[in-house]
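Following: one structure in structure tokens, then a few remarks.
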Amino acid sequence: MRFPGRIESKEKRGMDVSVEIPSCALGEDPENMYATLQEAGCLVVIGLATPAELDAVKSELDPYLAAAEVEADDTEAFYPGHTRRVIALMHRSPTLRQLMTHPTVEQLGDRHLLQNCKKWQLNVSAALQIGPGARDQILHREEDLYDYWAPPRPNLILASMWAISQFTAANGGTQIVPGSHRWAADRVAQPHEIVRAEMPPGAVLFWLGGTLHGGGANLTRDEWRYGVILTYTLGWLRTEENQHLSIPFAEALALPEKTRTRLGFDTDYNGQGLGFYDPSVLLPD
């Protein structure tokens, strides 16, 4: 499986070394998808969101992104400047609530996360528009949240980046280091090992929680790269974004059962009642 776009290739010790992000189209056997994802630590799946769904996401999030502050860059900061960021997407975008539980996401999430939990949940939701002049983000691992384990860690997180616009190497396509989910904690990625994801709107870049990655630099003059990141973690771990405070409680309880589970509004995450609550306490009279 190969993505039909640009593959970054650089010289090392006088030899041509190619690194690539594997890819496939929607409809590929889920077991083959996961086997590739597990091997490379990353995978692009083309065609997960339809043009109509992308238009709906834009319509739902445009008011929030238009109001988002675009800060100047602080080179010491983890998050680069020249970028619009909006969170709490499950409240703000009904379309993304549907895409969050897309069958391909569910299949890959079950394969990767159910090895270490009975139920898994949404960890982070964020819409990102990377503007001209944005720098490369520091390479990091999603699982660095849980530093009680040293890399390589057990399966804790599955991450995804939905391409709302075209992703290119020039406009801030996500940096990925294939294979780095197996590296020791102190190994540093070399330039020839970093690939910048290129994919059409509607495609999704999946990566494992141990894979090094980061937002890409936008080298264009006037092109904003638009993506939505949704990451998932084990149901018994605390999430990076507190989903219980990112959507009104009554709204969450009205959602389908699977959606509520993914948002963490559920109990019995470990088979022993972990996370129980009384809904009447939080519902209005």
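Residues in the structure tokens are numbered from 1 in each chain, the chains being A, B, ... in the order shown, and ligands are numbered from 1 in the order shown.
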Open item on the list: as a PyMOL selection string, please: the residues near stretch 156-166 of chain A (cut-off 6 Å, only C-alpha atoms, same-chain neighbours under 5 positions excluded).
Closed with: chain A and resi 200-209+226-234
Keeping only N, CA and C atoms, write those residues as a short mmCIF file (atom, residue, chain, number, x, y, z; two decimals), in the first residue's frame.
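Saved file result_39.cif follows:
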data_model
loop_
_atom_site.label_atom_id
_atom_site.label_comp_id
_atom_site.auth_asym_id
_atom_site.auth_seq_id
_atom_site.Cartn_x
_atom_site.Cartn_y
_atom_site.Cartn_z
N PRO A 200 -5.15 14.07 0.24
CA PRO A 200 -6.25 14.90 -0.24
C PRO A 200 -7.29 15.13 0.85
N PRO A 201 -8.16 16.12 0.67
CA PRO A 201 -9.26 16.31 1.63
C PRO A 201 -10.08 15.03 1.77
N GLY A 202 -10.48 14.73 3.00
CA GLY A 202 -11.25 13.53 3.27
C GLY A 202 -10.41 12.35 3.69
N ALA A 203 -9.10 12.42 3.49
CA ALA A 203 -8.20 11.35 3.93
C ALA A 203 -7.89 11.54 5.42
N VAL A 204 -7.44 10.46 6.04
CA VAL A 204 -7.09 10.49 7.46
C VAL A 204 -5.72 9.86 7.66
N LEU A 205 -4.87 10.55 8.39
CA LEU A 205 -3.58 10.00 8.82
C LEU A 205 -3.76 9.42 10.21
N PHE A 206 -3.57 8.12 10.35
CA PHE A 206 -3.58 7.46 11.66
C PHE A 206 -2.14 7.24 12.10
N TRP A 207 -1.90 7.36 13.40
CA TRP A 207 -0.59 6.98 13.93
C TRP A 207 -0.76 6.46 15.36
N LEU A 208 0.18 5.63 15.76
CA LEU A 208 0.16 5.06 17.10
C LEU A 208 0.69 6.06 18.11
N GLY A 209 0.27 5.89 19.36
CA GLY A 209 0.65 6.85 20.39
C GLY A 209 2.14 6.96 20.63
N TYR A 226 -5.72 22.97 6.83
CA TYR A 226 -6.83 22.77 7.76
C TYR A 226 -6.98 21.29 8.06
N GLY A 227 -6.82 20.93 9.32
CA GLY A 227 -6.98 19.55 9.75
C GLY A 227 -7.69 19.46 11.08
N VAL A 228 -8.24 18.30 11.37
CA VAL A 228 -8.90 18.03 12.65
C VAL A 228 -8.22 16.82 13.28
N ILE A 229 -7.73 16.99 14.49
CA ILE A 229 -7.08 15.89 15.20
C ILE A 229 -8.06 15.29 16.21
N LEU A 230 -8.20 13.97 16.16
CA LEU A 230 -8.98 13.22 17.14
C LEU A 230 -8.09 12.09 17.63
N THR A 231 -7.81 12.05 18.92
CA THR A 231 -7.02 10.96 19.47
C THR A 231 -7.86 10.20 20.49
N TYR A 232 -7.51 8.94 20.69
CA TYR A 232 -8.29 8.04 21.54
C TYR A 232 -7.36 7.34 22.52
N THR A 233 -7.88 7.09 23.72
CA THR A 233 -7.06 6.44 24.74
C THR A 233 -7.87 5.41 25.50
N LEU A 234 -7.21 4.63 26.35
CA LEU A 234 -7.86 3.61 27.14
C LEU A 234 -8.91 4.24 28.05
#
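Among A:Leu26, A:Ala134, A:Gly210, A:Asp222, the residue with the shortest atom-to-atom distance to A:Trp149, counting only C-alpha atoms, is A:Gly210.
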Open item on the list: Excluding stretch 101-112 of chain A and its own-chain neighbours fewer than 2 positions away, which residues fall within 7 Å of it when counting only C-alpha atoms? Please give them as number ranges by chain.
Closed with: A: 30, 34, 98-99, 114-115, 155, 158
TODO: Could you give me, as a PyMOL selection string, each residue of stretch 68-157 of chain A that DSSP assigns to strand (DSSP E or B) when run on this structure's backbone?
DONE: chain A and resi 83-87+120-130+140+157
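If you look at atom CA of A:Pro279 and atom CA of A:Leu255, they are 13.9 Å away from each other.
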Open item on the list: Just want the 8 Å neighbourhood of A:Ile247, counted on only C-alpha atoms, with same-chain residues fewer than 5 positions away dropped. Output as a list in words.
Closed with: Ala88, Met90, His91 and Ala252 of chain A
Please save C-alpha atoms of the selected residues as an mmCIF file, in the first residue's frame.
data_model
loop_
_atom_site.group_PDB
_atom_site.id
_atom_site.type_symbol
_atom_site.label_atom_id
_atom_site.label_comp_id
_atom_site.auth_asym_id
_atom_site.auth_seq_id
_atom_site.Cartn_x
_atom_site.Cartn_y
_atom_site.Cartn_z
ATOM 1 C CA ALA A 88 -14.497 21.046 22.297
ATOM 2 C CA MET A 90 -17.924 17.218 19.937
ATOM 3 C CA HIS A 91 -20.199 20.026 21.102
ATOM 4 C CA ALA A 252 -24.092 14.145 25.979
#
TODO: Taking the chain letters and numbering used in this document, name the residues of stretch 70-223 of chain A that DSSP puts in helix (DSSP H, G or I), as a PyMOL selection string.
DONE: chain A and resi 89-92+94-100+103-113+142-145+180-182+191-193
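Atom pair atom CA of A:Val177 / atom CA of A:Leu145: separated by 18.6 Å.
Here the question is which of A:Gly275, A:Pro248, A:Gly216, A:Pro284 gets nearest to A:Gly235 using only C-alpha atoms, and that residue is A:Gly275.
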Neighbours of A:Gln137 within 9 Å (only C-alpha atoms; same-chain residues fewer than 5 positions away dropped), as a PDB file with all heavy atoms, in the first residue's frame?
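Printed below is selection29.pdb as written:
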ATOM      1  N   PHE A  78       5.637  25.007  22.957  1.00  0.00           N
ATOM      2  CA  PHE A  78       5.351  23.704  22.360  1.00  0.00           C
ATOM      3  C   PHE A  78       4.478  23.867  21.116  1.00  0.00           C
ATOM      4  O   PHE A  78       4.698  23.218  20.095  1.00  0.00           O
ATOM      5  CB  PHE A  78       4.652  22.809  23.386  1.00  0.00           C
ATOM      6  CG  PHE A  78       4.262  21.459  22.856  1.00  0.00           C
ATOM      7  CD1 PHE A  78       5.219  20.480  22.633  1.00  0.00           C
ATOM      8  CD2 PHE A  78       2.941  21.167  22.584  1.00  0.00           C
ATOM      9  CE1 PHE A  78       4.866  19.230  22.143  1.00  0.00           C
ATOM     10  CE2 PHE A  78       2.575  19.919  22.099  1.00  0.00           C
ATOM     11  CZ  PHE A  78       3.537  18.951  21.878  1.00  0.00           C
ATOM     12  N   TYR A  79       3.471  24.757  21.200  1.00  0.00           N
ATOM     13  CA  TYR A  79       2.582  24.981  20.065  1.00  0.00           C
ATOM     14  C   TYR A  79       3.093  26.149  19.229  1.00  0.00           C
ATOM     15  O   TYR A  79       3.256  27.258  19.746  1.00  0.00           O
ATOM     16  CB  TYR A  79       1.159  25.287  20.545  1.00  0.00           C
ATOM     17  CG  TYR A  79       0.491  24.120  21.226  1.00  0.00           C
ATOM     18  CD1 TYR A  79       0.225  24.144  22.601  1.00  0.00           C
ATOM     19  CD2 TYR A  79       0.106  22.990  20.513  1.00  0.00           C
ATOM     20  CE1 TYR A  79      -0.394  23.072  23.232  1.00  0.00           C
ATOM     21  CE2 TYR A  79      -0.508  21.909  21.134  1.00  0.00           C
ATOM     22  CZ  TYR A  79      -0.756  21.959  22.485  1.00  0.00           C
ATOM     23  OH  TYR A  79      -1.361  20.902  23.105  1.00  0.00           O
ATOM     24  N   PRO A  80       3.348  25.941  17.938  1.00  0.00           N
ATOM     25  CA  PRO A  80       3.812  27.035  17.083  1.00  0.00           C
ATOM     26  C   PRO A  80       2.740  28.113  16.918  1.00  0.00           C
ATOM     27  O   PRO A  80       1.543  27.860  17.072  1.00  0.00           O
ATOM     28  CB  PRO A  80       4.090  26.334  15.745  1.00  0.00           C
ATOM     29  CG  PRO A  80       4.272  24.889  16.086  1.00  0.00           C
ATOM     30  CD  PRO A  80       3.349  24.646  17.234  1.00  0.00           C
ATOM     31  N   GLN A 175       4.269  16.171  10.301  1.00  0.00           N
ATOM     32  CA  GLN A 175       5.531  15.426  10.329  1.00  0.00           C
ATOM     33  C   GLN A 175       5.309  14.066  11.023  1.00  0.00           C
ATOM     34  O   GLN A 175       4.707  14.021  12.089  1.00  0.00           O
ATOM     35  CB  GLN A 175       6.592  16.170  11.123  1.00  0.00           C
ATOM     36  CG  GLN A 175       6.901  17.579  10.673  1.00  0.00           C
ATOM     37  CD  GLN A 175       7.874  18.223  11.641  1.00  0.00           C
ATOM     38  OE1 GLN A 175       9.084  18.083  11.511  1.00  0.00           O
ATOM     39  NE2 GLN A 175       7.355  18.910  12.635  1.00  0.00           N
ATOM     40  N   HIS A 213       5.894  12.591  16.009  1.00  0.00           N
ATOM     41  CA  HIS A 213       5.170  13.390  15.022  1.00  0.00           C
ATOM     42  C   HIS A 213       5.149  14.842  15.490  1.00  0.00           C
ATOM     43  O   HIS A 213       5.548  15.157  16.619  1.00  0.00           O
ATOM     44  CB  HIS A 213       3.734  12.885  14.875  1.00  0.00           C
ATOM     45  CG  HIS A 213       2.930  13.122  16.116  1.00  0.00           C
ATOM     46  ND1 HIS A 213       3.089  12.362  17.262  1.00  0.00           N
ATOM     47  CD2 HIS A 213       2.002  14.067  16.426  1.00  0.00           C
ATOM     48  CE1 HIS A 213       2.292  12.821  18.204  1.00  0.00           C
ATOM     49  NE2 HIS A 213       1.628  13.864  17.722  1.00  0.00           N
ATOM     50  N   GLY A 214       4.638  15.720  14.649  1.00  0.00           N
ATOM     51  CA  GLY A 214       4.480  17.130  14.999  1.00  0.00           C
ATOM     52  C   GLY A 214       3.869  17.879  13.834  1.00  0.00           C
ATOM     53  O   GLY A 214       3.935  17.423  12.685  1.00  0.00           O
ATOM     54  N   GLY A 215       3.267  19.005  14.114  1.00  0.00           N
ATOM     55  CA  GLY A 215       2.751  19.844  13.044  1.00  0.00           C
ATOM     56  C   GLY A 215       3.880  20.280  12.120  1.00  0.00           C
ATOM     57  O   GLY A 215       5.021  20.442  12.558  1.00  0.00           O
ATOM     58  N   GLY A 216       3.563  20.445  10.849  1.00  0.00           N
ATOM     59  CA  GLY A 216       4.582  20.826   9.880  1.00  0.00           C
ATOM     60  C   GLY A 216       4.671  22.329   9.670  1.00  0.00           C
ATOM     61  O   GLY A 216       3.720  23.067   9.937  1.00  0.00           O
ATOM     62  N   ALA A 217       5.816  22.776   9.208  1.00  0.00           N
ATOM     63  CA  ALA A 217       6.003  24.196   8.881  1.00  0.00           C
ATOM     64  C   ALA A 217       5.225  24.536   7.618  1.00  0.00           C
ATOM     65  O   ALA A 217       5.194  23.757   6.664  1.00  0.00           O
ATOM     66  CB  ALA A 217       7.482  24.498   8.686  1.00  0.00           C
TER      67      ALA A 217
END
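Nearest residue to A:Arg97, choosing from A:Val188, A:Leu263, A:Cys42, A:Met33 and counting only C-alpha atoms: A:Leu263.
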